[in-house]
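Structure below is structure01.pdb: PDB, C-alpha atoms.
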```pdb
ATOM      1  CA  MET A   1      14.194  -1.212 -18.102
ATOM      2  CA  THR A   2      11.229  -1.663 -20.360
ATOM      3  CA  PRO A   3      10.399  -5.252 -21.410
ATOM      4  CA  TRP A   4      12.059  -4.574 -24.805
ATOM      5  CA  ALA A   5      15.305  -3.444 -23.162
ATOM      6  CA  LEU A   6      15.264  -6.226 -20.578
ATOM      7  CA  GLN A   7      14.955  -8.817 -23.340
ATOM      8  CA  ARG A   8      17.921  -7.285 -25.184
ATOM      9  CA  PHE A   9      19.952  -7.073 -21.973
ATOM     10  CA  LYS A  10      19.308 -10.738 -21.172
ATOM     11  CA  ALA A  11      20.400 -11.668 -24.714
ATOM     12  CA  ALA A  12      23.687  -9.748 -24.326
ATOM     13  CA  ARG A  13      26.762 -11.958 -24.056
ATOM     14  CA  PRO A  14      29.474  -9.522 -22.953
ATOM     15  CA  PRO A  15      33.098 -10.390 -22.251
ATOM     16  CA  PHE A  16      32.995  -8.028 -19.243
ATOM     17  CA  GLY A  17      31.040  -7.647 -16.004
ATOM     18  CA  ALA A  18      29.031 -10.005 -13.820
ATOM     19  CA  ASN A  19      27.617 -11.866 -16.846
ATOM     20  CA  ALA A  20      30.952 -12.069 -18.659
ATOM     21  CA  THR A  21      31.488 -15.013 -20.962
ATOM     22  CA  PHE A  22      33.903 -16.114 -23.648
ATOM     23  CA  GLU A  23      31.251 -18.264 -25.319
ATOM     24  CA  ALA A  24      29.256 -16.778 -28.184
ATOM     25  CA  VAL A  25      30.151 -13.190 -27.270
ATOM     26  CA  ASN A  26      27.822 -10.817 -29.105
ATOM     27  CA  ASP A  27      29.337  -7.508 -27.993
ATOM     28  CA  PRO A  28      29.334  -5.527 -31.259
ATOM     29  CA  VAL A  29      32.671  -3.882 -30.437
ATOM     30  CA  GLN A  30      34.429  -7.127 -29.530
ATOM     31  CA  LYS A  31      32.837  -9.218 -32.273
ATOM     32  CA  TYR A  32      32.813  -6.830 -35.247
ATOM     33  CA  CYS A  33      34.932  -3.795 -34.260
ATOM     34  CA  ASP A  34      31.802  -1.675 -34.513
ATOM     35  CA  PRO A  35      32.134   1.796 -32.990
ATOM     36  CA  PRO A  36      31.344   1.699 -29.257
ATOM     37  CA  GLY A  37      28.994   4.665 -29.511
ATOM     38  CA  ILE A  38      28.180   7.254 -26.924
ATOM     39  CA  PRO A  39      28.397   7.107 -23.944
ATOM     40  CA  ARG A  40      30.275   3.798 -23.983
ATOM     41  CA  LEU A  41      33.340   5.527 -25.455
ATOM     42  CA  TYR A  42      33.850   7.197 -22.073
ATOM     43  CA  LYS A  43      34.057   3.832 -20.279
ATOM     44  CA  TYR A  44      37.310   2.773 -21.950
ATOM     45  CA  PRO A  45      40.660   3.575 -20.317
ATOM     46  CA  TRP A  46      41.722   5.642 -23.330
ATOM     47  CA  GLN A  47      42.157   9.359 -23.638
ATOM     48  CA  PHE A  48      40.005  11.889 -25.422
ATOM     49  CA  ALA A  49      40.647  15.518 -26.283
ATOM     50  CA  PHE A  50      38.664  18.575 -27.337
ATOM     51  CA  LEU A  51      39.524  20.700 -30.349
ATOM     52  CA  GLN A  52      37.533  23.928 -30.648
ATOM     53  CA  THR A  53      36.960  25.917 -33.809
ATOM     54  CA  PRO A  54      34.598  28.907 -34.140
ATOM     55  CA  GLY A  55      31.572  26.805 -35.168
ATOM     56  CA  VAL A  56      32.402  23.259 -34.071
ATOM     57  CA  VAL A  57      33.976  21.493 -31.111
ATOM     58  CA  TYR A  58      35.541  18.183 -32.097
ATOM     59  CA  ILE A  59      36.052  15.410 -29.576
ATOM     60  CA  LEU A  60      38.927  13.166 -30.591
ATOM     61  CA  TYR A  61      38.813   9.683 -29.038
ATOM     62  CA  GLU A  62      42.012   7.680 -28.744
ATOM     63  CA  PHE A  63      40.090   4.386 -28.745
ATOM     64  CA  THR A  64      39.561   3.357 -32.382
ATOM     65  CA  GLY A  65      40.589   6.826 -33.596
ATOM     66  CA  LEU A  66      37.033   8.151 -33.670
ATOM     67  CA  TRP A  67      36.236  11.831 -33.808
ATOM     68  CA  ARG A  68      32.946  13.567 -33.228
ATOM     69  CA  PRO A  69      31.797  17.020 -34.364
ATOM     70  CA  ILE A  70      29.663  19.073 -31.964
ATOM     71  CA  ALA A  71      28.016  21.936 -33.859
ATOM     72  CA  LEU A  72      27.789  25.220 -31.962
ATOM     73  CA  ASP A  73      25.737  27.193 -34.459
ATOM     74  CA  ARG A  74      22.657  25.204 -35.391
ATOM     75  CA  GLU A  75      19.732  23.145 -34.134
ATOM     76  CA  HIS A  76      19.146  19.431 -34.674
ATOM     77  CA  PRO A  77      17.608  18.537 -38.041
ATOM     78  CA  LYS A  78      13.906  17.631 -37.828
ATOM     79  CA  ASN A  79      14.542  13.988 -38.791
ATOM     80  CA  PRO A  80      18.223  13.219 -38.201
ATOM     81  CA  ASP A  81      19.730  10.160 -39.782
ATOM     82  CA  SER A  82      20.300   7.317 -37.357
ATOM     83  CA  THR A  83      24.101   6.973 -36.958
ATOM     84  CA  TRP A  84      26.736   5.509 -34.622
ATOM     85  CA  MET A  85      27.568   8.891 -33.063
ATOM     86  CA  GLY A  86      24.243  10.661 -33.580
ATOM     87  CA  ASP A  87      23.704  14.344 -34.255
ATOM     88  CA  SER A  88      25.303  16.522 -31.581
ATOM     89  CA  ILE A  89      24.888  20.210 -30.894
ATOM     90  CA  GLY A  90      26.665  22.081 -28.140
ATOM     91  CA  ARG A  91      26.574  25.238 -26.103
ATOM     92  CA  TYR A  92      28.268  26.716 -23.094
ATOM     93  CA  ASP A  93      26.337  27.155 -19.861
ATOM     94  CA  GLY A  94      28.728  29.191 -17.739
ATOM     95  CA  ASP A  95      31.794  26.992 -17.260
ATOM     96  CA  THR A  96      30.002  23.848 -18.462
ATOM     97  CA  PHE A  97      30.069  22.548 -22.035
ATOM     98  CA  VAL A  98      26.651  20.987 -22.737
ATOM     99  CA  ILE A  99      26.205  18.517 -25.598
ATOM    100  CA  ASP A 100      22.730  17.485 -26.772
ATOM    101  CA  THR A 101      22.703  14.322 -28.917
ATOM    102  CA  VAL A 102      19.867  12.617 -30.816
ATOM    103  CA  GLY A 103      19.752  10.407 -33.906
ATOM    104  CA  LEU A 104      21.732   7.494 -32.476
ATOM    105  CA  ASN A 105      21.205   4.065 -33.956
ATOM    106  CA  ASP A 106      20.413   1.174 -31.584
ATOM    107  CA  LYS A 107      23.437  -0.935 -32.582
ATOM    108  CA  THR A 108      25.608   0.008 -29.590
ATOM    109  CA  TRP A 109      25.449  -0.665 -25.863
ATOM    110  CA  ILE A 110      25.637   2.114 -23.292
ATOM    111  CA  ASP A 111      28.302   0.191 -21.386
ATOM    112  CA  GLN A 112      30.558  -2.860 -21.623
ATOM    113  CA  VAL A 113      28.111  -5.222 -19.911
ATOM    114  CA  GLY A 114      25.319  -4.990 -22.470
ATOM    115  CA  HIS A 115      22.812  -2.392 -21.300
ATOM    116  CA  PRO A 116      20.950  -1.511 -24.494
ATOM    117  CA  HIS A 117      19.451   1.665 -25.809
ATOM    118  CA  SER A 118      16.985   2.350 -28.588
ATOM    119  CA  ASP A 119      17.069   4.760 -31.506
ATOM    120  CA  ALA A 120      15.027   7.123 -29.319
ATOM    121  CA  LEU A 121      17.974   7.726 -26.958
ATOM    122  CA  HIS A 122      18.476  11.398 -26.190
ATOM    123  CA  LEU A 123      21.726  12.180 -24.373
ATOM    124  CA  ILE A 124      22.737  15.339 -22.574
ATOM    125  CA  GLU A 125      26.431  15.435 -21.676
ATOM    126  CA  ARG A 126      27.753  18.108 -19.330
ATOM    127  CA  PHE A 127      31.522  18.589 -19.192
ATOM    128  CA  ARG A 128      32.918  20.785 -16.424
ATOM    129  CA  ARG A 129      36.445  21.355 -15.226
ATOM    130  CA  VAL A 130      36.420  20.910 -11.478
ATOM    131  CA  ASP A 131      40.033  22.066 -11.250
ATOM    132  CA  HIS A 132      43.047  22.175 -13.584
ATOM    133  CA  ASP A 133      43.553  18.395 -13.516
ATOM    134  CA  THR A 134      39.959  17.145 -13.165
ATOM    135  CA  LEU A 135      37.202  16.988 -15.784
ATOM    136  CA  GLU A 136      33.737  15.943 -14.652
ATOM    137  CA  LEU A 137      31.174  14.447 -17.026
ATOM    138  CA  THR A 138      27.516  14.085 -16.141
ATOM    139  CA  VAL A 139      25.347  12.236 -18.664
ATOM    140  CA  THR A 140      21.552  12.317 -18.687
ATOM    141  CA  PHE A 141      19.867   9.376 -20.442
ATOM    142  CA  ASP A 142      16.357   9.825 -21.811
ATOM    143  CA  ASP A 143      15.197   6.735 -23.713
ATOM    144  CA  PRO A 144      11.488   5.990 -23.252
ATOM    145  CA  LYS A 145      11.670   2.878 -25.456
ATOM    146  CA  ALA A 146      14.338   1.290 -23.239
ATOM    147  CA  TYR A 147      14.009   2.794 -19.743
ATOM    148  CA  ALA A 148      10.990   3.686 -17.635
ATOM    149  CA  LYS A 149      12.539   6.914 -16.380
ATOM    150  CA  ILE A 150      15.305   9.372 -17.112
ATOM    151  CA  PHE A 151      18.562   8.679 -15.276
ATOM    152  CA  ASN A 152      22.013  10.221 -14.822
ATOM    153  CA  ALA A 153      25.573   8.997 -14.489
ATOM    154  CA  LYS A 154      28.668  10.916 -13.433
ATOM    155  CA  VAL A 155      32.364  10.215 -13.903
ATOM    156  CA  SER A 156      35.556  12.210 -13.392
ATOM    157  CA  TYR A 157      38.747  12.124 -15.432
ATOM    158  CA  LYS A 158      42.276  13.178 -14.521
ATOM    159  CA  LEU A 159      44.454  15.132 -16.918
ATOM    160  CA  SER A 160      47.107  12.939 -18.524
ATOM    161  CA  ASN A 161      50.650  13.946 -19.412
ATOM    162  CA  SER A 162      50.892  11.117 -21.939
ATOM    163  CA  PRO A 163      50.415  11.863 -25.622
ATOM    164  CA  MET A 164      47.409  10.332 -27.319
ATOM    165  CA  GLU A 165      48.268   7.208 -29.277
ATOM    166  CA  VAL A 166      46.774   5.703 -32.407
ATOM    167  CA  THR A 167      44.582   2.721 -31.565
ATOM    168  CA  VAL A 168      42.756   0.776 -34.192
ATOM    169  CA  CYS A 169      40.079  -1.853 -33.856
ATOM    170  CA  SER A 170      41.025  -4.498 -36.363
ATOM    171  CA  LEU A 171      38.513  -7.205 -37.217
ATOM    172  CA  THR A 172      41.322  -9.598 -38.127
ATOM    173  CA  GLU A 173      42.972  -9.047 -34.740
ATOM    174  CA  MET A 174      39.634  -9.544 -32.979
ATOM    175  CA  GLN A 175      39.049 -12.785 -34.888
ATOM    176  CA  SER A 176      42.578 -13.956 -34.088
ATOM    177  CA  PHE A 177      42.028 -13.193 -30.382
ATOM    178  CA  ASP A 178      38.742 -15.075 -30.524
ATOM    179  CA  ASP A 179      40.364 -18.108 -32.166
ATOM    180  CA  GLU A 180      43.573 -18.173 -30.136
ATOM    181  CA  VAL A 181      42.378 -17.086 -26.705
ATOM    182  CA  MET A 182      38.623 -17.131 -26.244
ATOM    183  CA  LYS A 183      37.823 -20.375 -28.059
ATOM    184  CA  THR A 184      40.783 -22.211 -26.526
ATOM    185  CA  THR A 185      39.663 -21.297 -23.007
ATOM    186  CA  THR A 186      36.098 -22.463 -23.576
ATOM    187  CA  ALA A 187      36.744 -25.631 -25.573
ATOM    188  CA  PRO A 188      36.144 -28.899 -23.745
ATOM    189  CA  PRO A 189      39.366 -30.666 -22.772
ATOM    190  CA  LYS A 190      40.733 -33.144 -25.284
ATOM    191  CA  LYS A 191      40.534 -36.765 -24.220
TER     192      LYS A 191
END
```
Now, as a test, write the supplied structure out as structure tokens.
Amino acid sequence: MTPWALQRFKAARPPFGANATFEAVNDPVQKYCDPPGIPRLYKYPWQFAFLQTPGVVYILYEFTGLWRPIALDREHPKNPDSTWMGDSIGRYDGDTFVIDTVGLNDKTWIDQVGHPHSDALHLIERFRRVDHDTLELTVTFDDPKAYAKIFNAKVSYKLSNSPMEVTVCSLTEMQSFDDEVMKTTTAPPKK
């Protein structure tokens, strides 16, 4: 990590992982119901599905009901707006669906434990069906503001027979969970 990213990582107070805490959690998803962003969306145990039209592939995410358009017929704009999901363009490379994403804001983490990214993050996602029941995703991270070198991650998913459900991130439910569970487990005992 660059010094900028290391400082942000050390300031992260996630409710998950080795540095998990219930005190002063600053995970933007847990605290504000902000969208998890890409690639963090793939780290949740929720389903996602692809819907293809002639000019756009949509990825529908069960977690928080997000959807993401992947344009098949254009290039990135010269100066894309900085958004939660970025600007994504796709193409097929043989049996692999390749998604190129830029224009992400720096308000999300790349995982649940607080690894940051900057607005310079450039993601390349490669989806490939290994067999009928297995989908493999390889993600390439290129973020010179946050990381000294390009790196990759790979994960596989199994086909589910369960229908996708509607899941909503509700700020009032998050605040209730914080008040009723998190704060009660971290409060000093009453004398």
Inset, instruction - Apply the PyMOL selection byres ((chain A and resi 61-77) around 7) to the file shown and report the selected residues as number ranges by chain. - result: A: 46-49, 55-60, 78-80, 87-91, 164-169
Go ahead and dump the residues you just picked, C-alpha atoms, as a PDB file, in the coordinates of the input.
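Saved the output as result-v3.pdb:
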```
ATOM      1  CA  TRP A  46      41.722   5.642 -23.330  1.00  0.00           C
ATOM      2  CA  GLN A  47      42.157   9.359 -23.638  1.00  0.00           C
ATOM      3  CA  PHE A  48      40.005  11.889 -25.422  1.00  0.00           C
ATOM      4  CA  ALA A  49      40.647  15.518 -26.283  1.00  0.00           C
ATOM      5  CA  GLY A  55      31.572  26.805 -35.168  1.00  0.00           C
ATOM      6  CA  VAL A  56      32.402  23.259 -34.071  1.00  0.00           C
ATOM      7  CA  VAL A  57      33.976  21.493 -31.111  1.00  0.00           C
ATOM      8  CA  TYR A  58      35.541  18.183 -32.097  1.00  0.00           C
ATOM      9  CA  ILE A  59      36.052  15.410 -29.576  1.00  0.00           C
ATOM     10  CA  LEU A  60      38.927  13.166 -30.591  1.00  0.00           C
ATOM     11  CA  LYS A  78      13.906  17.631 -37.828  1.00  0.00           C
ATOM     12  CA  ASN A  79      14.542  13.988 -38.791  1.00  0.00           C
ATOM     13  CA  PRO A  80      18.223  13.219 -38.201  1.00  0.00           C
ATOM     14  CA  ASP A  87      23.704  14.344 -34.255  1.00  0.00           C
ATOM     15  CA  SER A  88      25.303  16.522 -31.581  1.00  0.00           C
ATOM     16  CA  ILE A  89      24.888  20.210 -30.894  1.00  0.00           C
ATOM     17  CA  GLY A  90      26.665  22.081 -28.140  1.00  0.00           C
ATOM     18  CA  ARG A  91      26.574  25.238 -26.103  1.00  0.00           C
ATOM     19  CA  MET A 164      47.409  10.332 -27.319  1.00  0.00           C
ATOM     20  CA  GLU A 165      48.268   7.208 -29.277  1.00  0.00           C
ATOM     21  CA  VAL A 166      46.774   5.703 -32.407  1.00  0.00           C
ATOM     22  CA  THR A 167      44.582   2.721 -31.565  1.00  0.00           C
ATOM     23  CA  VAL A 168      42.756   0.776 -34.192  1.00  0.00           C
ATOM     24  CA  CYS A 169      40.079  -1.853 -33.856  1.00  0.00           C
TER      25      CYS A 169
END
```
Inset, instruction - Identify all residues satisfying the PyMOL selection byres ((chain A and resi 15-32) around 10) in the given file; provide them as a PyMOL selection string. - result: chain A and resi 10-14+33-37+107-109+111-114+169-172+174-175+177-178+181-187
Residues in the PyMOL selection byres ((chain A and resi 6) around 12), expressed as a short mmCIF file (atom, residue, chain, number, x, y, z; two decimals) with C-alpha atoms, in the frame of the given file:
```cif
data_model
loop_
_atom_site.label_atom_id
_atom_site.label_comp_id
_atom_site.auth_asym_id
_atom_site.auth_seq_id
_atom_site.Cartn_x
_atom_site.Cartn_y
_atom_site.Cartn_z
CA MET A 1 14.19 -1.21 -18.10
CA THR A 2 11.23 -1.66 -20.36
CA PRO A 3 10.40 -5.25 -21.41
CA TRP A 4 12.06 -4.57 -24.80
CA ALA A 5 15.30 -3.44 -23.16
CA GLN A 7 14.96 -8.82 -23.34
CA ARG A 8 17.92 -7.28 -25.18
CA PHE A 9 19.95 -7.07 -21.97
CA LYS A 10 19.31 -10.74 -21.17
CA ALA A 11 20.40 -11.67 -24.71
CA ALA A 12 23.69 -9.75 -24.33
CA GLY A 114 25.32 -4.99 -22.47
CA HIS A 115 22.81 -2.39 -21.30
CA PRO A 116 20.95 -1.51 -24.49
CA HIS A 117 19.45 1.66 -25.81
CA SER A 118 16.98 2.35 -28.59
CA LYS A 145 11.67 2.88 -25.46
CA ALA A 146 14.34 1.29 -23.24
CA TYR A 147 14.01 2.79 -19.74
CA ALA A 148 10.99 3.69 -17.64
#
```
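Atom CA of A:Asp142 is positioned 29.0 Å from atom CA of A:Leu159.
Between A:Ala120 and the candidates A:Pro163, A:Gly86, A:Gly94, A:Pro39, the tightest atom-to-atom separation, counting all atoms listed in the file, involves A:Gly86.
Separating atom CA of A:Tyr42 from atom CA of A:Ala153 is a distance of 11.4 Å.
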Legend entry - Nearest residue to A:Thr138 from the set A:Ser160, A:Ser82, A:Thr96, A:Gln52 (distances using only C-alpha atoms):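 Of A:Ser160, A:Ser82, A:Thr96, A:Gln52, the one nearest A:Thr138 is A:Thr96, counting only C-alpha atoms.
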Inset, instruction - Compile the contact shell of A:Glu125 as a list in words: residues with an atom at most 7 Å away, counting all atoms listed in the file, same-chain residues fewer than 3 positions apart removed. - result: Val98, Ile99, Asp100, Leu137, Thr138, Val139 and Thr140 of chain A
